[in-house]
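Engineer: run-v2.txt is the file, holding compact mmCIF, C-alpha atoms:
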# COMPACT_ATOMS: atom_id res chain seq x y z
CA MET A 17 7.79 -29.04 -4.79
CA LYS A 18 7.57 -25.41 -5.97
CA ASN A 19 10.26 -22.98 -4.87
CA PHE A 20 9.23 -19.53 -3.62
CA ILE A 21 11.82 -16.84 -2.83
CA PHE A 22 10.50 -14.23 -0.40
CA ILE A 23 12.54 -11.02 -0.37
CA SER A 24 12.82 -9.29 3.03
CA PRO A 25 10.42 -11.66 4.82
CA ASN A 26 11.06 -9.95 8.17
CA PHE A 27 9.69 -6.55 7.18
CA PRO A 28 7.00 -5.59 7.81
CA GLU A 29 7.04 -7.82 10.86
CA ASN A 30 3.64 -9.36 10.11
CA TYR A 31 4.78 -10.68 6.70
CA TRP A 32 5.95 -13.92 8.27
CA HIS A 33 2.29 -14.94 8.01
CA PHE A 34 2.63 -14.99 4.20
CA CYS A 35 5.62 -17.33 4.54
CA ARG A 36 3.84 -19.57 7.03
CA GLU A 37 0.84 -20.08 4.77
CA LEU A 38 3.05 -20.76 1.75
CA LYS A 39 4.89 -23.42 3.72
CA ASN A 40 1.60 -24.84 4.99
CA ASN A 41 0.56 -25.18 1.34
CA GLY A 42 3.63 -27.28 0.58
CA LEU A 43 5.91 -24.71 -1.04
CA ASN A 44 9.64 -24.53 -0.41
CA VAL A 45 9.94 -21.05 1.14
CA LEU A 46 13.37 -19.43 0.75
CA GLY A 47 14.05 -16.08 2.40
CA ILE A 48 16.58 -13.41 1.40
CA GLY A 49 17.19 -10.51 3.78
CA ASP A 50 19.83 -8.34 5.37
CA ALA A 51 18.88 -9.06 8.99
CA PRO A 52 21.03 -11.63 10.83
CA TYR A 53 19.32 -14.99 11.15
CA ASP A 54 19.44 -14.78 14.94
CA HIS A 55 17.40 -11.54 14.75
CA LEU A 56 14.50 -13.23 12.99
CA THR A 57 11.49 -14.15 15.09
CA GLN A 58 10.98 -17.81 15.82
CA ASP A 59 7.70 -17.68 13.91
CA LEU A 60 9.54 -16.55 10.79
CA LYS A 61 12.34 -19.07 11.21
CA ASP A 62 9.72 -21.82 11.44
CA SER A 63 8.05 -20.51 8.26
CA LEU A 64 11.18 -20.65 6.09
CA ASN A 65 12.92 -23.68 4.66
CA GLU A 66 16.15 -21.69 4.36
CA TYR A 67 17.34 -18.12 4.83
CA TYR A 68 20.17 -16.35 3.02
CA LYS A 69 21.58 -13.22 4.63
CA VAL A 70 23.04 -10.53 2.37
CA GLY A 71 25.03 -7.51 3.50
CA SER A 72 22.47 -5.13 1.98
CA LEU A 73 19.27 -5.65 0.03
CA GLU A 74 20.21 -2.47 -1.84
CA ASN A 75 23.15 -4.33 -3.41
CA TYR A 76 21.73 -6.04 -6.49
CA ASP A 77 24.74 -8.26 -7.07
CA GLU A 78 24.51 -9.66 -3.55
CA VAL A 79 20.80 -10.40 -3.87
CA ALA A 80 21.30 -11.91 -7.32
CA GLY A 81 24.04 -14.10 -5.84
CA ALA A 82 21.59 -15.34 -3.22
CA VAL A 83 19.02 -16.18 -5.91
CA GLN A 84 21.69 -18.10 -7.86
CA PHE A 85 22.65 -19.99 -4.69
CA PHE A 86 19.05 -21.13 -4.24
CA ILE A 87 18.78 -22.13 -7.90
CA ASN A 88 21.95 -24.20 -7.63
CA LYS A 89 20.63 -25.90 -4.50
CA TYR A 90 16.90 -26.27 -5.17
CA GLY A 91 16.48 -25.92 -8.92
CA LYS A 92 14.04 -23.72 -10.83
CA ILE A 93 12.49 -20.82 -8.92
CA ASP A 94 8.74 -20.69 -9.50
CA TRP A 95 7.96 -17.47 -7.62
CA LEU A 96 9.89 -14.47 -6.33
CA GLU A 97 8.09 -11.78 -4.33
CA SER A 98 8.46 -9.24 -1.54
CA ASN A 99 4.88 -7.87 -1.45
CA ASN A 100 6.63 -4.55 -0.81
CA GLU A 101 6.39 -1.39 -2.93
CA TYR A 102 10.00 -0.47 -2.18
CA TRP A 103 11.34 -3.65 -3.81
CA LEU A 104 8.84 -3.83 -6.69
CA GLU A 105 11.37 -2.86 -9.36
CA ARG A 106 14.08 -5.03 -7.79
CA ASP A 107 11.71 -8.00 -7.81
CA ALA A 108 10.95 -7.41 -11.50
CA ARG A 109 14.63 -7.22 -12.41
CA LEU A 110 15.39 -10.46 -10.59
CA ARG A 111 12.49 -12.24 -12.31
CA THR A 112 13.68 -10.92 -15.68
CA ASP A 113 17.34 -11.82 -15.16
CA PHE A 114 16.64 -15.31 -13.82
CA GLY A 115 13.75 -16.25 -16.11
CA ILE A 116 11.18 -16.53 -13.30
CA ASP A 117 7.87 -16.79 -15.14
CA SER A 118 5.46 -15.49 -12.48
CA GLY A 119 5.02 -11.80 -11.72
CA PHE A 120 5.93 -8.51 -13.36
CA LYS A 121 9.11 -8.12 -15.40
CA ASN A 122 11.21 -5.08 -16.29
CA GLU A 123 9.01 -4.17 -19.23
CA ASP A 124 5.97 -3.90 -16.96
CA MET A 125 7.45 -1.28 -14.64
CA PRO A 126 6.67 1.92 -16.62
CA ARG A 127 2.90 1.42 -16.49
CA ILE A 128 2.71 0.35 -12.85
CA LYS A 129 5.34 2.58 -11.22
CA TYR A 130 5.08 5.94 -13.02
CA LYS A 131 2.05 7.96 -11.98
CA SER A 132 1.91 9.78 -15.31
CA ASN A 133 1.80 6.48 -17.23
CA MET A 134 -0.99 5.10 -15.05
CA LYS A 135 -3.44 7.71 -16.31
CA ALA A 136 -3.74 6.22 -19.80
CA TYR A 137 -4.69 2.84 -18.33
CA TYR A 138 -7.43 4.44 -16.24
CA ALA A 139 -8.64 6.29 -19.34
CA ASN A 140 -8.79 3.01 -21.28
CA VAL A 141 -11.65 1.87 -19.03
CA GLY A 142 -13.33 5.26 -18.72
CA ILE A 143 -12.01 6.25 -15.29
CA PRO A 144 -11.14 9.97 -15.10
CA THR A 145 -8.02 11.25 -13.33
CA ALA A 146 -6.71 14.64 -12.25
CA ARG A 147 -5.05 16.83 -14.87
CA TYR A 148 -1.28 16.73 -14.70
CA HIS A 149 1.96 18.21 -16.00
CA LEU A 150 5.41 16.62 -15.86
CA VAL A 151 7.62 19.19 -14.16
CA ASP A 152 9.94 20.70 -16.73
CA THR A 153 10.45 24.46 -16.99
CA TRP A 154 9.39 27.18 -14.62
CA ARG A 155 7.18 28.71 -17.32
CA GLY A 156 5.51 25.40 -18.09
CA CYS A 157 4.64 24.80 -14.45
CA VAL A 158 3.36 28.36 -13.93
CA ASP A 159 1.13 28.01 -16.98
CA PHE A 160 -0.24 24.67 -15.75
CA ALA A 161 -0.91 26.02 -12.23
CA ASN A 162 -2.68 29.06 -13.67
CA THR A 163 -4.79 26.79 -15.88
CA VAL A 164 -6.00 24.43 -13.14
CA GLY A 165 -5.76 26.95 -10.27
CA TYR A 166 -3.87 26.76 -7.01
CA PRO A 167 -3.24 24.74 -4.95
CA VAL A 168 -1.36 22.12 -6.96
CA ILE A 169 0.32 18.91 -5.84
CA VAL A 170 3.88 17.95 -6.79
CA LYS A 171 5.39 14.53 -6.12
CA PRO A 172 7.91 12.14 -7.68
CA ASP A 173 6.49 10.51 -10.80
CA ASN A 174 7.99 7.26 -9.51
CA GLY A 175 7.75 7.37 -5.74
CA VAL A 176 6.69 5.37 -2.69
CA GLY A 177 3.96 6.61 -0.35
CA ALA A 178 3.72 10.33 0.40
CA SER A 179 7.46 11.00 0.52
CA SER A 180 8.58 14.24 -1.17
CA THR A 181 4.95 15.21 -1.86
CA TYR A 182 4.02 18.88 -1.52
CA LYS A 183 0.96 21.07 -1.75
CA LEU A 184 1.84 24.40 -3.37
CA ASN A 185 -0.61 27.19 -2.60
CA ASP A 186 0.75 30.03 -4.70
CA GLU A 187 3.52 31.10 -7.06
CA SER A 188 5.94 31.90 -4.23
CA GLU A 189 5.69 28.31 -2.95
CA LEU A 190 6.17 27.09 -6.51
CA SER A 191 9.32 29.22 -6.68
CA TYR A 192 10.62 27.69 -3.44
CA PHE A 193 9.94 24.19 -4.79
CA PHE A 194 11.92 24.95 -7.95
CA ALA A 195 14.80 26.32 -5.90
CA THR A 196 15.00 23.29 -3.60
CA LYS A 197 13.76 20.28 -5.62
CA ASN A 198 16.00 17.31 -6.30
CA SER A 199 17.28 17.81 -9.83
CA CYS A 200 17.71 14.05 -10.28
CA VAL A 201 14.00 13.31 -9.69
CA GLN A 202 11.23 13.58 -12.30
CA TYR A 203 8.25 15.20 -10.59
CA ILE A 204 4.62 15.23 -11.64
CA MET A 205 2.36 18.21 -10.91
CA GLU A 206 -1.38 17.64 -10.55
CA GLU A 207 -4.42 19.75 -9.86
CA TYR A 208 -5.45 19.52 -6.21
CA ILE A 209 -8.55 17.40 -5.67
CA TYR A 210 -10.71 17.86 -2.56
CA ALA A 211 -11.49 14.25 -1.79
CA GLU A 212 -11.00 11.32 0.55
CA VAL A 213 -9.00 8.30 -0.54
CA ASN A 214 -10.98 5.08 -1.02
CA SER A 215 -9.09 1.92 -1.88
CA TYR A 216 -9.81 -1.33 -3.66
CA ASP A 217 -7.81 -4.13 -2.05
CA ALA A 218 -7.97 -7.51 -3.72
CA ILE A 219 -6.26 -10.83 -4.27
CA ILE A 220 -6.34 -11.62 -8.00
CA ASP A 221 -5.99 -15.06 -9.57
CA SER A 222 -4.02 -15.98 -12.70
CA HIS A 223 -7.02 -15.16 -14.92
CA GLY A 224 -7.40 -11.63 -13.57
CA ASN A 225 -10.40 -12.46 -11.39
CA PRO A 226 -10.70 -11.45 -7.71
CA ILE A 227 -10.90 -14.17 -5.09
CA PHE A 228 -11.02 -11.64 -2.24
CA GLU A 229 -12.09 -7.98 -2.22
CA ILE A 230 -12.33 -5.27 0.41
CA GLY A 231 -11.25 -1.64 0.75
CA ASN A 232 -10.31 1.15 3.11
CA VAL A 233 -11.05 4.83 3.56
CA THR A 234 -8.53 7.52 4.50
CA PRO A 235 -10.43 10.68 5.48
CA MET A 236 -7.20 12.62 6.11
CA SER A 237 -4.49 13.43 3.57
CA ILE A 238 -1.43 11.20 4.06
CA MET A 239 0.63 14.03 2.57
CA ASP A 240 -0.58 16.40 5.30
CA ILE A 241 -0.02 13.78 8.01
CA VAL A 242 3.60 13.35 6.92
CA ASN A 243 4.37 17.01 6.26
CA ASN A 244 2.57 18.35 9.37
CA ALA A 245 3.49 15.50 11.76
CA ASP A 246 -0.21 14.99 12.44
CA ASN A 247 -2.26 12.13 13.84
CA SER A 248 -3.36 9.41 11.42
CA ILE A 249 -6.63 7.60 10.85
CA PHE A 250 -8.02 5.18 8.29
CA TYR A 251 -10.43 2.27 8.39
CA ILE A 252 -11.33 -0.94 6.59
CA VAL A 253 -14.91 -0.74 5.38
CA LYS A 254 -17.52 -3.16 6.64
CA GLU A 255 -18.68 -3.84 3.08
CA LEU A 256 -17.01 -2.79 -0.17
CA PRO A 257 -19.11 -0.12 -1.96
CA GLU A 258 -20.37 -1.29 -5.32
CA ASP A 259 -18.79 1.59 -7.25
CA THR A 260 -15.39 0.82 -5.69
CA ARG A 261 -15.80 -2.83 -6.66
CA ARG A 262 -16.74 -1.93 -10.23
CA LEU A 263 -13.89 0.53 -10.78
CA GLY A 264 -11.41 -1.74 -9.01
CA ARG A 265 -12.24 -4.68 -11.26
CA ALA A 266 -12.03 -2.49 -14.36
CA THR A 267 -8.60 -1.27 -13.25
CA VAL A 268 -7.42 -4.86 -12.75
CA LYS A 269 -8.36 -5.66 -16.34
CA SER A 270 -6.82 -2.50 -17.77
CA PHE A 271 -3.46 -3.03 -16.07
CA GLY A 272 -3.40 -6.74 -16.85
CA VAL A 273 -3.05 -7.86 -13.23
CA ARG A 274 -2.49 -11.56 -12.63
CA SER A 275 -1.73 -13.54 -9.45
CA ARG A 276 -1.24 -10.58 -7.11
CA PHE A 277 -2.41 -8.87 -3.96
CA VAL A 278 -3.20 -5.27 -5.02
CA HIS A 279 -4.01 -1.93 -3.43
CA PHE A 280 -5.65 0.55 -5.83
CA GLU A 281 -6.42 4.08 -4.67
CA PHE A 282 -9.30 6.26 -5.83
CA PHE A 283 -10.46 9.75 -4.91
CA ARG A 284 -14.06 10.06 -3.71
CA LEU A 285 -14.85 13.65 -4.61
CA LEU A 286 -15.92 16.05 -1.86
CA LYS A 287 -17.26 18.54 -4.41
CA ASP A 288 -18.21 18.66 -8.08
CA TYR A 289 -15.42 18.89 -10.66
CA GLU A 290 -16.24 19.76 -14.25
CA GLY A 291 -14.88 17.06 -16.50
CA LEU A 292 -14.10 14.71 -13.60
CA GLY A 293 -17.31 13.94 -11.73
CA ARG A 294 -19.86 15.00 -9.17
CA GLN A 295 -19.51 15.03 -5.40
CA GLY A 296 -19.45 11.47 -4.07
CA GLU A 297 -18.17 9.88 -7.28
CA LEU A 298 -14.81 8.12 -7.70
CA ILE A 299 -11.88 9.02 -9.94
CA GLY A 300 -8.54 7.24 -10.34
CA LEU A 301 -5.53 8.11 -8.19
CA GLU A 302 -2.83 5.43 -8.44
CA VAL A 303 -2.24 1.69 -8.47
CA ASN A 304 -0.03 -0.24 -6.05
CA MET A 305 0.79 -3.79 -7.07
CA ARG A 306 1.20 -5.09 -3.54
CA PRO A 307 -0.85 -5.36 -0.33
CA CYS A 308 -1.83 -2.20 1.52
CA GLY A 309 1.12 -1.51 3.80
CA GLY A 310 1.94 -2.16 7.42
CA ILE A 311 -0.68 -3.90 9.51
CA SER A 312 -3.47 -3.44 6.94
CA PRO A 313 -3.64 -7.19 6.13
CA ASP A 314 -4.33 -7.88 9.81
CA MET A 315 -7.01 -5.20 9.80
CA MET A 316 -8.67 -6.85 6.79
CA ASN A 317 -8.73 -10.09 8.78
CA PHE A 318 -10.32 -8.34 11.78
CA SER A 319 -12.88 -6.60 9.56
CA GLN A 320 -13.92 -9.61 7.50
CA SER A 321 -13.28 -12.45 9.99
CA THR A 322 -10.97 -14.13 7.52
CA ASP A 323 -7.27 -14.77 6.78
CA VAL A 324 -5.90 -12.88 3.78
CA TYR A 325 -2.46 -14.44 4.30
CA LYS A 326 -3.98 -17.85 3.64
CA ILE A 327 -6.12 -16.61 0.73
CA TRP A 328 -3.00 -15.14 -0.91
CA ALA A 329 -0.97 -18.33 -0.32
CA ASP A 330 -3.87 -20.40 -1.68
CA MET A 331 -3.85 -18.22 -4.80
CA ILE A 332 -0.12 -18.92 -5.22
CA ALA A 333 -0.46 -22.66 -4.65
CA TYR A 334 -3.89 -23.47 -6.10
CA ASP A 335 -5.04 -20.35 -8.01
CA SER A 336 -8.15 -20.28 -5.81
CA SER A 337 -9.16 -20.36 -2.16
CA LEU A 338 -11.96 -21.89 -0.14
CA LYS A 339 -11.35 -19.46 2.72
CA GLY A 340 -14.43 -17.27 3.03
CA ILE A 341 -15.41 -14.33 5.20
CA GLY A 342 -17.42 -14.33 8.40
CA GLU A 343 -19.04 -11.59 10.44
CA THR A 344 -18.03 -8.17 9.12
CA ALA A 345 -17.25 -4.89 10.91
CA TYR A 346 -15.50 -1.58 10.46
CA CYS A 347 -11.87 -1.87 11.51
CA ALA A 348 -10.43 1.46 12.63
CA PHE A 349 -6.79 2.52 12.84
CA ALA A 350 -5.91 5.53 14.99
CA GLY A 351 -2.30 6.69 15.16
CA ARG A 352 -1.39 9.22 17.83
CA ARG A 353 1.57 11.53 17.34
CA ASP A 354 4.01 11.92 20.24
CA GLY A 355 4.11 15.34 21.89
CA LYS A 356 0.39 16.12 21.71
CA ASN A 357 -1.74 16.68 24.84
CA PHE A 358 -4.51 14.12 24.46
CA VAL A 359 -7.59 14.29 26.65
CA MET A 360 -7.58 10.55 27.28
CA SER A 361 -4.44 8.62 28.16
CA ASN A 362 -3.44 5.45 26.33
CA GLU A 363 -4.53 3.47 29.38
CA GLN A 364 -7.95 5.12 29.44
CA ILE A 365 -8.46 4.35 25.75
CA MET A 366 -7.56 0.72 26.33
CA GLU A 367 -9.92 0.47 29.30
CA LYS A 368 -12.90 2.12 27.58
CA TYR A 369 -12.56 0.14 24.33
CA ALA A 370 -11.29 -3.15 25.72
CA ALA A 371 -14.14 -5.10 24.10
CA ASN A 372 -13.36 -3.60 20.67
CA MET A 373 -9.57 -3.49 20.73
CA LYS A 374 -7.68 -5.84 18.40
CA MET A 375 -4.14 -4.42 18.50
CA SER A 376 -2.27 -1.57 20.13
CA GLY A 377 1.31 -0.49 20.62
CA ARG A 378 4.15 1.53 19.16
CA VAL A 379 4.49 2.05 15.41
CA ALA A 380 7.84 1.15 13.87
CA ASP A 381 9.93 4.27 13.31
CA VAL A 382 10.19 3.65 9.57
CA LEU A 383 6.37 3.74 9.31
CA SER A 384 5.62 6.43 11.89
CA GLY A 385 5.82 9.33 9.43
CA ALA A 386 2.52 8.29 7.85
CA MET A 387 0.99 6.36 10.76
CA GLY A 388 1.82 8.20 13.97
CA ASN A 389 3.74 6.81 16.93
CA GLN A 390 1.13 5.04 19.07
CA MET A 391 -1.52 2.94 17.36
CA PHE A 392 -4.90 1.59 18.34
CA ILE A 393 -6.82 -0.84 16.12
CA ALA A 394 -10.41 -1.69 17.01
CA THR A 395 -13.55 -3.05 15.34
CA PHE A 396 -17.07 -1.61 15.46
CA PRO A 397 -20.46 -2.72 14.13
CA THR A 398 -21.47 0.78 12.98
CA LYS A 399 -19.73 3.85 11.63
CA GLU A 400 -21.26 5.92 14.44
CA ASP A 401 -19.52 3.73 17.03
CA MET A 402 -16.25 4.06 15.11
CA ASP A 403 -16.57 7.86 14.91
CA ARG A 404 -16.99 8.07 18.70
CA PHE A 405 -13.81 6.03 19.07
CA TYR A 406 -11.90 8.42 16.81
CA ASN A 407 -13.20 11.41 18.76
CA ASP A 408 -11.98 9.91 22.04
CA VAL A 409 -8.57 8.84 20.73
CA LEU A 410 -7.70 12.09 18.97
CA ALA A 411 -9.25 14.73 21.24
CA CYS A 412 -6.59 17.14 22.59
CA TRP A 413 -6.58 19.80 25.27
What is this structure when it is put down as structure tokens?
Structural biologist:
Amino acid sequence: MKNFIFISPNFPENYWHFCRELKNNGLNVLGIGDAPYDHLTQDLKDSLNEYYKVGSLENYDEVAGAVQFFINKYGKIDWLESNNEYWLERDARLRTDFGIDSGFKNEDMPRIKYKSNMKAYYANVGIPTARYHLVDTWRGCVDFANTVGYPVIVKPDNGVGASSTYKLNDESELSYFFATKNSCVQYIMEEYIYAEVNSYDAIIDSHGNPIFEIGNVTPMSIMDIVNNADNSIFYIVKELPEDTRRLGRATVKSFGVRSRFVHFEFFRLLKDYEGLGRQGELIGLEVNMRPCGGISPDMMNFSQSTDVYKIWADMIAYDSSLKGIGETAYCAFAGRRDGKNFVMSNEQIMEKYAANMKMSGRVADVLSGAMGNQMFIATFPTKEDMDRFYNDVLACW
């Protein structure tokens, strides 16, 4: 029996489905987390063969001690994974230190975690990316901003999500950034691209081939949603556009992805950019070597009438999956921000879209910065139907 260590299996809450499908496929599923066992849901408890509680997942020695405990008890560890961007480097260090063959190791981190390093791998397969400058001196940044033109974007070169990401509109805002930035963080500065984010989401086998593919579209800037405490929308596409599929597969090959669930982001240009592309074309943004966050796996299931948790677990156990897709639809996420005066109440939204609604409820506080506070997830056969839903959910007095 193969041993699989799942780091932080209780967060996000829906990740117990990954554990369940691993166990259903005959793996020995061993959880490590900092939540008390009694706080785990019964579904998660039933999906684990054993759980080891540590005082803090931030404490490497404690987590390493838990891994050693499982090795002493169960033997060789075949897989170790969290499917979580936050723990990606921790996962790699544990695999490296304990000789776990599957998955990324320490030496892989520079190319998949540092936004500046990603650009060369896009270039290797002919995918353009925005011009950039690693933040160094004031003069260097001023010269770069004057070359590409304001606004510019600054963000941590190695960061998670849209945290500490800023749009600088002029030299005075650049001055404020320099005066207040964290001196311990390496930032990257990029030219601002007017675009919507289109993703390539896929489960990749051990040969680098996709066994499931889909994508999402984020019409609004996540950076603006976080910084302006705005509402949030994104949707899973009904069918993956062919250009997204082509660039996604090329990116998989360039980065050497094997046996993973991935979330690659591209910009679909909203205007022509000399040297980058024409309006409507895709350019590279960044790679994320884990599933799209939060409830996105559930939304993929709703959109494609499938079970990505099972497909992923089949990839782990069998390197393939017979699970197909059924009837397809757009799956829309709408996140309302507390404190806004919406035209329709939550109850009215639920009543009007009862036939379409798949999930609703409060967003976990740790995710609310990017996703809003009250979510609605619904499926629609056409984009026009979905757009009417968004208009109703987000309309304010």
Engineer: Given only C-alpha atoms as the basis, pick out the residue of A:Phe280, A:Phe120, A:Tyr90, A:Tyr325 nearest to His33 in chain A.
Structural biologist: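 Closest to His33 in chain A of all the choices is A:Tyr325.
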Engineer: Which residue out of A:Ala329, A:Asp246, A:Ser270, A:Ser376 has the minimum interatomic distance to Leu410 in chain A when only C-alpha atoms are used?
Structural biologist: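 Nearest to Leu410 in chain A: A:Asp246.
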Engineer: As an exercise, work out the distance from CA of Thr260 in chain A to CA of Tyr203 in chain A in Å and give it to one decimal place.
Structural biologist: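 These atoms are spaced 28.1 Å apart.
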Engineer: Which of these, A:Tyr346, A:Asp94, A:Lys121, A:Asn362, has the shortest distance to Asp403 in chain A once you count only C-alpha atoms?
Structural biologist: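 Ranked by minimum distance to Asp403 in chain A, first place goes to A:Tyr346.
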Engineer: Using all atoms listed in the file, which residues sit within 8 Å of range 155-171 of chain A once same-chain residues fewer than 2 positions away are excluded, as number ranges by chain?
Structural biologist: A: 147, 149, 151-153, 173, 175, 178-187, 203-208
Engineer: Which distance in Å separates CA of Gly272 in chain A and CA of Lys131 in chain A, to one decimal?
Structural biologist: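 Interatomic distance here is 16.4 Å.
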Engineer: What is the CA of Met375 in chain A-CA of Thr344 in chain A distance in Å, reported with one decimal?
Structural biologist: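 So the two atoms, CA of Met375 in chain A and CA of Thr344 in chain A, lie 17.2 Å apart.
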Engineer: For Glu212 in chain A, which residue out of A:Glu290, A:Asp330, A:Glu297, A:Asp381 is the nearest one, using all atoms listed in the file?
Structural biologist: A:Glu297
Engineer: With distances taken over all atoms listed in the file, which residue among A:Ala333, A:Ser72, A:Asp59, A:Asp113 lies nearest Asn44 in chain A?
Structural biologist: A:Ala333
Engineer: Smallest atom-to-atom distance to Ser188 in chain A: which of A:Trp154, A:Tyr130, A:Phe282, A:Phe27, using only C-alpha atoms?
Structural biologist: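 The closest residue to Ser188 in chain A is A:Trp154.
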Engineer: Can you list, as a list in words, every protein, DNA or RNA residue that comes within 12 Å of Asn389 in chain A when you count all atoms listed in the file, leaving out same-chain residues fewer than 3 positions away?
Structural biologist: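 Skipping anything fewer than 3 positions along the chain leaves Ile241, Val242, Ala245, Asp246, Asn247, Ser248, Ala350, Gly351, Arg352, Arg353, Asp354, Gly355, Lys356, Asn362, Ser376, Gly377, Arg378, Val379, Ala380, Asp381, Val382, Leu383, Ser384, Gly385, Ala386 and Phe392 of chain A.
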Engineer: Would you pick out the contacts of Val213 in chain A at 9 Å or less, using all atoms listed in the file, so that residues sharing its chain but fewer than 5 positions from it are not included, and give the list as an NGL selection string?
Structural biologist: :A and (232-237 or 281-285 or 301)
